[in-house]
2 protein chains.
Amino acid sequence: MSLHQETAPGVPKVTEILADWVVGLKGADIPPEVRREGLRTFVNWVGCAVGGAGHETVDRALAAVGPFSGPATSTVLGRGERLDALHAALLNGITSHVLDYDDTHLKTIIHPAGPVASALVALSEMRPISGKDLLTALIVGIEVECRIGNAVYPHHYDRGWHITGTVGVFGAAAAVGKVIGLSAQRMRWAFGLAATQSSGLREMFGTMTKSFHPGRAAQNGMFAALLAEAGFDSSERAIEAPRGFASVMSDKQDYGEMVDGLGTRWESALNSYKPFACGIVIHPTIDGCIQLRSELGDARIRQIASVELTTHPLVLELTGKTRPKKGLEGKFSVYHAAAAALLKGDGAPTAFTDELVNDPQIIALRDRTKATASTDCHEASVDIRVTFEDGTSATKRVERAVGSMEVPLTDAQIDRKFTVQSALVVGDDMTAALLATAWNLEALEDAADVARASVPAPRGLSAAAR
Amino acid sequence: MSLHQETAPGVPKVTEILADWVVGLKGADIPPEVRREGLRTFVNWVGCAVGGAGHETVDRALAAVGPFSGPATSTVLGRGERLDALHAALLNGITSHVLDYDDTHLKTIIHPAGPVASALVALSEMRPISGKDLLTALIVGIEVECRIGNAVYPHHYDRGWHITGTVGVFGAAAAVGKVIGLSAQRMRWAFGLAATQSSGLREMFGTMTKSFHPGRAAQNGMFAALLAEAGFDSSERAIEAPRGFASVMSDKQDYGEMVDGLGTRWESALNSYKPFACGIVIHPTIDGCIQLRSELGDARIRQIASVELTTHPLVLELTGKTRPKKGLEGKFSVYHAAAAALLKGDGAPTAFTDELVNDPQIIALRDRTKATASTDCHEASVDIRVTFEDGTSATKRVERAVGSMEVPLTDAQIDRKFTVQSALVVGDDMTAALLATAWNLEALEDAADVARASVPAPRGLSAAAR
């Protein structure tokens, strides 16, 4: 049902086209290499969700949510608490993003798995689903999410929207709608209910509320699908209508990006996985600084008098914080990141603790680091020059950092990333078993095995006693 | 904590100013006439919440929400179901708006009570609060909501945002934050968490999702305050930051409207109450048509050959639907509304049923009704000309409709409106008792008495047997 304004001539019915595609798709329609990338996305996401589970952001969200949670069907990955599936989706979305260590669709800076996987895994413990079907739904959700993102990026993001939240809600709605078997009309309603909940401001970067965005997108998208399932109707052209998502929230609407080549061009296969626990724009700097440390050795690094970085302007716009005081702020300081990579060789979550951000040695080097923005420098590149106390200097140019599309993480690197962060939270043994379960997703009769395998033993109880 | 862009020079710290005001205000600081208007707002809202409780939109929302509700502390007004307080806020926001019969802040077309009262009444059954304190919080929430609305209206609304949802979330956060005693810093966080959830598209008008907006604003605003209470931090300048609410979601930011004259100029006292169950822009037409019917008599009305309306362009933009098929669509058809007012003298919820919209006599007159947009005509006025089969005609000019600021509803008219709609849902006896309880709010030791007084007897159980 539509009111008032007609859609402009030439605008395709993208809401309907996407809904039809989601409803009609079969798992076998997805090429093996796309399914394989979907599995890598899933494994990386599970590691991040468990890796972030101990963060105080999660403790505080749980404290607020506790008195309101419904039937405790669903696991907060890596923790003992169980919540209703909607709240579990919120929490898993927070945990998987809170360390800024998750996946990235580089064309749009969307972190695709958080909103979609968080909803699906929470739902899997309430409505049984096979591992194969969960993977299919994950890929479908990410495909919808990234295509909608492509259509409005960069204008939408430039206006101040945190695109992972604003388009993530469509991905979660598509994925959950697929799993629960919505009709095409109800899938259109689910997209309408997703569009009208689309939200999340970039102003929140550097606060706990940033990781709230993928969590809330997961929860809101799941709720959109569940409301549609119950017959709660909505606009059926919510994405392309004159007062729909794309026109209200962006100055650019490239509808071809949404619907052209559906089923042949796979945005979900263009996912990448962060080797470093911070915004992607600092990754070239960290990669280059770690390479310098490895080439020069610790003794020589300690003789550095100053560091000069030449980066794309976006790097300073996003991560130009000169005096971070908290770990979370450190992720938005290219200066801190460079110092930690040079002095510690670290870009993992351990490089962005409150302690390290306030370490006098790190601060001393950070304060001797300068960055210059140059439009000649590609967003994904950096030039680094370190000058030593003796007046000599060394340089490093990084064209594309590890973790980029050109230098993707290998499966072994994904394993290592998973293991390092998960082991800190649930220990080595559980980490190994969980990693194996995650890679084995497509063979699982019950996808909820993954969530269950992430729950640590109650305190004071040895594994043997469980 | 703020990242990247500095706020432009001259922009006041409105987030901080509003938070300080909300935290510091005492009930006695509110002038008696403002408290009185707040009470009228409350009574009108209770009537609308009960009046809408039987709508199928509510049944469907409850079906979706049921499996996820937490501890059943809080009443869905006018119904037997109890939900956790967050979900009850959602449902009460839906019921109170679903008939388009609630209150209106005419400067912004915000329906202020829905987001704020829905949250407060749901919370009152979980965290005890006096009637006086609830009224204070209601006024505070509406004040914040309407001031933020003034600052961005009309640009924000024109872009396609349903302002009741997008600014309602701030009102709910302020009101709940006041009740639970947030510190000034946590109130700033609550505003940040509200800003980042601000959402709701006008594209949803005419569907069930329209009434979802005030409900979700109530729920999201309450959740924002509860997260802040638990120490979940956020931006502390989320309204005025370059990538905050006002700049991202509006081309106009009049920050003086937000903070000038706080405590002396009361937007909450400028509330109005709909005499008719549809968008405010059709009210002059309905008022005029009912007057014509009353002056001409039924027999003469049945000789009408055609109707001509001259209205402000916004009337046709919002309610220009020529062939509504459902009751909900009828609210967006000035043609249907005119026909129902002329033939039935009705603008109450009974004028917007599926049945009446499809009544052949109504359709016949509706199809002989024409409307012309004229920028010479004020938004709140209308010129009506009816031409009879004998070629003669009659005219009616309405400068301001009943229910406007110029012609406000009397307390007795509010009582009648309350009684007509509530009695259809919970019967005459309960309606009388509930109405008395609502007017008595300031004397209630426990504000939850209102919610409890709205619950109908279980089916098959007489009042005497309870």
# chains A, B, ... in the order shown; residues from 1 in each chain; ligands from 1
call {"tool": "select_by_dssp", "arguments": {"residues": "segment 291-406 of chain A", "states": "alpha helix (DSSP H)", "output": "PyMOL selection string"}}
result
chain A and resi 291-296+298-301+313-319+327-330+334-344+354-357+360-366
call {"tool": "write_last_selection", "arguments": {"atoms": "C-alpha atoms", "output": "PDB file, in the first residue's frame"}}
result
ATOM      1  CA  GLN A 291      57.340  -4.566   9.257  1.00  0.00           C
ATOM      2  CA  LEU A 292      59.778  -1.811  10.261  1.00  0.00           C
ATOM      3  CA  ARG A 293      60.102  -3.266  13.760  1.00  0.00           C
ATOM      4  CA  SER A 294      60.731  -6.701  12.342  1.00  0.00           C
ATOM      5  CA  GLU A 295      63.368  -5.382   9.915  1.00  0.00           C
ATOM      6  CA  LEU A 296      65.108  -2.993  12.328  1.00  0.00           C
ATOM      7  CA  ASP A 298      63.916  -3.592  19.062  1.00  0.00           C
ATOM      8  CA  ALA A 299      67.173  -1.807  19.935  1.00  0.00           C
ATOM      9  CA  ARG A 300      67.092   0.335  16.817  1.00  0.00           C
ATOM     10  CA  ILE A 301      63.344   1.092  17.268  1.00  0.00           C
ATOM     11  CA  PRO A 313      42.897  12.686   4.494  1.00  0.00           C
ATOM     12  CA  LEU A 314      40.215  10.207   5.613  1.00  0.00           C
ATOM     13  CA  VAL A 315      42.749   8.565   7.918  1.00  0.00           C
ATOM     14  CA  LEU A 316      43.183  11.756   9.923  1.00  0.00           C
ATOM     15  CA  GLU A 317      39.500  12.572   9.763  1.00  0.00           C
ATOM     16  CA  LEU A 318      38.616   9.214  11.299  1.00  0.00           C
ATOM     17  CA  THR A 319      41.621   8.507  13.478  1.00  0.00           C
ATOM     18  CA  GLY A 327      41.777   2.011  25.068  1.00  0.00           C
ATOM     19  CA  LEU A 328      38.667   2.630  23.001  1.00  0.00           C
ATOM     20  CA  GLU A 329      39.953   6.069  22.023  1.00  0.00           C
ATOM     21  CA  GLY A 330      43.284   4.546  21.047  1.00  0.00           C
ATOM     22  CA  VAL A 334      46.771   6.714  14.219  1.00  0.00           C
ATOM     23  CA  TYR A 335      49.516   8.117  16.487  1.00  0.00           C
ATOM     24  CA  HIS A 336      48.903   5.598  19.235  1.00  0.00           C
ATOM     25  CA  ALA A 337      48.533   2.783  16.730  1.00  0.00           C
ATOM     26  CA  ALA A 338      51.878   3.605  15.110  1.00  0.00           C
ATOM     27  CA  ALA A 339      53.651   3.792  18.469  1.00  0.00           C
ATOM     28  CA  ALA A 340      52.178   0.490  19.668  1.00  0.00           C
ATOM     29  CA  ALA A 341      53.107  -1.245  16.404  1.00  0.00           C
ATOM     30  CA  LEU A 342      56.669   0.103  16.481  1.00  0.00           C
ATOM     31  CA  LEU A 343      57.351  -0.541  20.188  1.00  0.00           C
ATOM     32  CA  LYS A 344      55.292  -3.715  20.744  1.00  0.00           C
ATOM     33  CA  ASP A 354      43.578   1.441  28.757  1.00  0.00           C
ATOM     34  CA  GLU A 355      46.936   0.418  30.160  1.00  0.00           C
ATOM     35  CA  LEU A 356      48.877   0.552  26.910  1.00  0.00           C
ATOM     36  CA  VAL A 357      47.268   3.823  25.839  1.00  0.00           C
ATOM     37  CA  PRO A 360      54.727   6.392  29.252  1.00  0.00           C
ATOM     38  CA  GLN A 361      56.960   4.848  26.533  1.00  0.00           C
ATOM     39  CA  ILE A 362      54.037   4.611  24.128  1.00  0.00           C
ATOM     40  CA  ILE A 363      52.973   8.157  24.929  1.00  0.00           C
ATOM     41  CA  ALA A 364      56.500   9.440  24.389  1.00  0.00           C
ATOM     42  CA  LEU A 365      56.721   7.925  20.904  1.00  0.00           C
ATOM     43  CA  ARG A 366      53.119   8.820  20.068  1.00  0.00           C
TER      44      ARG A 366
END
call {"tool": "residues_around", "arguments": {"residues": "Gly131 of chain A", "least_positions_apart": "3", "cutoff": "7 Å", "atoms": "only C-alpha atoms", "output": "PyMOL selection string"}}
result
chain A and resi 134-135+441-447
call {"tool": "residues_around", "arguments": {"residues": "Asp376 of chain A", "least_positions_apart": "6", "cutoff": "12 Å", "atoms": "only C-alpha atoms", "output": "JSON list (two decimals) with C-alpha atoms, in the first residue's frame"}}
result
[["chain", "number", "residue", "atom", "x", "y", "z"],
["A", 310, "THR", "CA", 51.75, 10.47, 5.02],
["A", 311, "THR", "CA", 48.17, 9.24, 4.65],
["A", 312, "HIS", "CA", 44.92, 9.85, 2.85],
["A", 313, "PRO", "CA", 42.90, 12.69, 4.49],
["A", 382, "VAL", "CA", 50.74, 4.86, 3.74],
["A", 383, "ASP", "CA", 54.26, 6.27, 3.62]]
call {"tool": "closest_atom_pairs", "arguments": {"of": "chain A", "to": "chain B", "cutoff": "7 Å", "atoms": "only C-alpha atoms", "output": "Markdown table"}}
result
| residue | atom | partner | partner_atom | distance |
| --- | --- | --- | --- | --- |
| A:Leu3 | CA | B:Gly206 | CA | 6.6 |
| A:His4 | CA | B:Glu317 | CA | 5.9 |
| A:Thr57 | CA | B:Phe232 | CA | 6.6 |
| A:Arg60 | CA | B:Ala230 | CA | 5.6 |
| A:Ala61 | CA | B:Leu227 | CA | 6.4 |
| A:Ala63 | CA | B:Ala230 | CA | 6.2 |
| A:Ala64 | CA | B:Leu227 | CA | 5.3 |
| A:Phe68 | CA | B:Gly70 | CA | 4.8 |
| A:Ser69 | CA | B:Gly70 | CA | 4.5 |
| A:Gly70 | CA | B:Gly70 | CA | 3.5 |
| A:Pro71 | CA | B:Phe68 | CA | 6.4 |
| A:Asp84 | CA | B:Phe68 | CA | 5.8 |
| A:Arg159 | CA | B:Val248 | CA | 5.9 |
| A:Gly160 | CA | B:Arg243 | CA | 4.9 |
| A:Leu193 | CA | B:Thr209 | CA | 6.9 |
| A:Thr196 | CA | B:Gly200 | CA | 4.5 |
| A:Gln197 | CA | B:Ser199 | CA | 5.5 |
| A:Ser198 | CA | B:Ser199 | CA | 6.4 |
| A:Ser199 | CA | B:Gln197 | CA | 5.5 |
| A:Gly200 | CA | B:Thr196 | CA | 4.5 |
| A:Leu201 | CA | B:Thr196 | CA | 5.3 |
| A:Arg202 | CA | B:Arg243 | CA | 6.2 |
| A:Glu203 | CA | B:Arg243 | CA | 5.1 |
| A:Met204 | CA | B:Ser235 | CA | 5.5 |
| A:Phe205 | CA | B:Leu3 | CA | 6.9 |
| A:Gly206 | CA | B:Leu3 | CA | 6.6 |
| A:Thr207 | CA | B:Ser234 | CA | 5.2 |
| A:Met208 | CA | B:Asp233 | CA | 5.5 |
| A:Thr209 | CA | B:Ser234 | CA | 5.3 |
| A:Leu226 | CA | B:Ala64 | CA | 5.8 |
| A:Leu227 | CA | B:Ala64 | CA | 5.3 |
| A:Ala230 | CA | B:Arg60 | CA | 5.6 |
| A:Gly231 | CA | B:Arg60 | CA | 6.1 |
| A:Phe232 | CA | B:Arg60 | CA | 5.7 |
| A:Asp233 | CA | B:Met208 | CA | 5.5 |
| A:Ser234 | CA | B:Thr207 | CA | 5.2 |
| A:Ser235 | CA | B:Met204 | CA | 5.4 |
| A:Ala238 | CA | B:Glu203 | CA | 6.7 |
| A:Arg243 | CA | B:Gly160 | CA | 4.9 |
| A:Gly244 | CA | B:Glu203 | CA | 5.6 |
| A:Val248 | CA | B:Gly160 | CA | 5.9 |
| A:Glu317 | CA | B:His4 | CA | 6.0 |
| A:Leu318 | CA | B:His4 | CA | 6.3 |
| A:Gly320 | CA | B:His4 | CA | 6.7 |
| A:Lys321 | CA | B:Leu3 | CA | 6.9 |
call {"tool": "residues_around", "arguments": {"residues": "Gly171 of chain B", "least_positions_apart": "4", "cutoff": "7 Å", "atoms": "only C-alpha atoms", "output": "list in words"}}
result
Pro115, Val116, Gly141, Ile142, Val144, Glu145, Val167 and Ala175 of chain B
call {"tool": "closest_residue", "arguments": {"among": "B:Pro284, B:Pro9, B:Gly27, B:Gly256", "to": "Ile384 of chain B", "atoms": "only C-alpha atoms"}}
result
B:Pro284
